[in-house]
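Report on the following structure.
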Amino acid sequence: MSSDRFETWFDANLARILEDYFALLRFPSIGAEPAHLSDCVACAEWIKQFLGGLGFTVDLVQADAALPPVIVAERPVPGAQRTVLVYGHYDVQPVDPLEAWETPPFEPTIRSDRVYARGAQDDKGQWFALLQGLRAAIEAGATLPSVRLVLEGQEESGSGALSALAYDLRKRLAADVLLVADTGKDVSGRPAIVAGLRGVIHFTVTLHGPKYDLHSGQHGGIAPNPAQGIAELVASLHRADGAIAVEGFCDGIINPTEAEFALATENGFDEVAYQQEVGVPPVGGERGVPAIVRNAFRPTIEVNGIHGGYGGAGSKTVIPTHAFAKISCRLVPGQSPARVWECLKVHFERYCPRGLTLELTEVTGCEPGFRLPIDSPVTRVAHDILDTLDPRGAVFTWEGASIPIVARLRDLTGAAPLLVGFGMQEDRIHCPNESYSLAQFRDAAHWGCKIFPALA
């Protein structure tokens with residue numbers, strides 16, 4: 001389908017597309033929260049019906065009745081030379097703080113040609129737009145590959161169900177290409193082929209102290225304080241220059257090749273634009289290391305939240321019974337998640353403040369980082385197509401984010417990963433007022449309309 005024909009098709013079908021898109025976004029499918037399990041199941045059932053309309057046979061597979069189902073679908077094409085596996089996720093991040101949303105997070109709203117809702121971009125909007133492109137190609141009678149699809153409901157919380165099922169599903173997911181639509185454009189707005197992602201581990205560290213909250217006047221200076229202790233423990237993770245202080249954590253890191261480094265840094269990093277967008281200068285991480293390298297090629301340990309004691313209005317002078325921190329680590333090629341976790345445990349035990357009891361829980365993710373070849377046949381096909389979508393041409397990027405299951409799917413299915421998405425920083429994924437512009441959605445659908453026939 002030519003670009004002009006696609007634009008005509010998209011405009012003619014926009015009302016139907018938005019109706020389905022909004023129906024999908026209304027499901028509060030927060031896979032990390034057990035209270036939303038029924039919402040995840042209802043969302044999966046809706047997706048099953050939607051995929052059936054595209055000619056897919058669909059199964060909902062559960063590793064456990066307490067976990068969101070994994071959607072496994074297939075649209076075979078007799079005589080097809082290739083099979084493409086599409087990966088995405090239908091779970092979304094929690095919405096807190098709710099009061100920061102301008103409109104309800106699960107009532108999609110269009111403002112200034114952007115759709116606002118939780119999941120509008122990450123990841124419902126991305127894979128749904130890709131499938132609209134597939135629909136356009138089907139209706140145009142294009143020659144297509146066989147398409148398999150796996151959508152999970154726990155990507156935002158470690159992909160537990162899919163990880164448990166992946167080995168048993170490997171034959172049903174075998175493919176030549178693994179197409180992932182959960183990444184972003186370059187900061188310049190040019191389409192991007194993501195040639196690497198960092199791995200991830202996330203966990204909770206808790207310090208337990210007194211049996212009950214203590215009066216800080218009567219017990220201050222005597223009883224160990226978990227809130228103060230968690231601050232000290234978190235501070236011990238980094239040196240004064242921002243470098244990671246956990247012994248052995250950075251062992252084995254594989255540095256980028258000269259070609260990867262040149263491509264990653266050829267357009268520089270606009271520190272002013274970054275500060276204008278996010279409100280702070282790009283000075284996190286290790287000093288003296290370029291921002292692009294810190295974000296794409298170096299590991300991190302980030303504190304996602306610290307909680308302990310009284311947090312309401314005014315004061316309540318107590319020493320709390322416990323305090324905890326939510327922590328995530330981004331990993332790069334060469335780091336073993338198991339080895340990294342052992343290093344972290346040793347560090348926390350060594351630096352646990354005296355008089356307090358350490359507990360490590362909710363260890364999820366545990367997936368390695370990876371980098372992909374930049375000159376494979378699949379990559380060249382994708383680059384040529386993306387060049388037609390933007391006169392400035394496509395670029396290669398290495399993202400600091402993680403999609404924990406991708407490396408495992410690559411190894412189990414034998415498929416060559418192709419990561420192309422159309423997210424932008426202004427979409428504010430994981431934050432209040434997440435959005436996805438209609439222009440980005442259209443670009444993602446246009447990409448889908450072109451890439452599926454090209455991979456046939």
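Going by the structure tokens order, chains are called A, B, ..., each with residues numbered from 1, while ligands are numbered from 1 in the order shown.
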
Residues of region 223-256 of chain A that have any atom at most 10 Å from an atom of region 336-343 of chain A: could you tabulate them with the shortest-distance atom pair and the distance in Å to one decimal, using only C-alpha atoms, ordered by chain and increasing number, as a Markdown table?
| residue | atom | partner | partner_atom | distance |
| --- | --- | --- | --- | --- |
| A:Val246 | CA | A:Cys343 | CA | 6.8 |
| A:Glu247 | CA | A:Cys343 | CA | 6.6 |
| A:Gly248 | CA | A:Cys343 | CA | 6.1 |
| A:Phe249 | CA | A:Val340 | CA | 5.3 |
| A:Cys250 | CA | A:Val340 | CA | 8.1 |
| A:Asp251 | CA | A:Val340 | CA | 8.8 |
| A:Gly252 | CA | A:Ser336 | CA | 8.5 |
| A:Ile253 | CA | A:Ser336 | CA | 9.4 |

Hey, what's within 6 Å of region 106-120 of chain A if we count only C-alpha atoms and toss same-chain stuff fewer than 3 positions away? As an MDAnalysis selection string, please?
chainID A and resid 22 26 92 123:125 434:438

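Among the residues of region 280-342 of chain A, backbone DSSP assigns strand (DSSP E or B) to Thr300, Ile301, Glu302, Val303, Asn304, Gly305, Ile306, His307, Gly308, Val318, Ile319, His322, Ala323, Phe324, Ala325, Lys326, Ile327, Ser328, Cys329, Arg330 and Leu331 of chain A.
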
Which of these, A:Leu214, A:Leu24, A:Ala175, A:Leu409, has the shortest distance to Ala44 (chain A) once you count only C-alpha atoms?
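Smallest separation from Ala44 (chain A) among the options: A:Leu24.
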
Which of these residues is nearest to Ser146 (chain A), using only C-alpha atoms: A:Thr83, A:Ser315, A:Thr103, A:Ser163?
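Among the listed residues, A:Thr83 lies closest to Ser146 (chain A).
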
Closest of A:Pro290, A:Pro432, A:Gly209, A:Pro282 to Gly268 (chain A) - atom-to-atom distances counting only C-alpha atoms
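Among the listed residues, A:Pro290 lies closest to Gly268 (chain A).
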
A:Ser2, A:Gln425, A:Thr143, A:Gln126 ranked by distance to Gln276 (chain A), top pick (using only C-alpha atoms)
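Of all the options, A:Gln425 lies closest to Gln276 (chain A).
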
Å distance separating CA of Pro299 (chain A) from CA of Arg330 (chain A), one decimal place:
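Distance between the two atoms: 5.2 Å.
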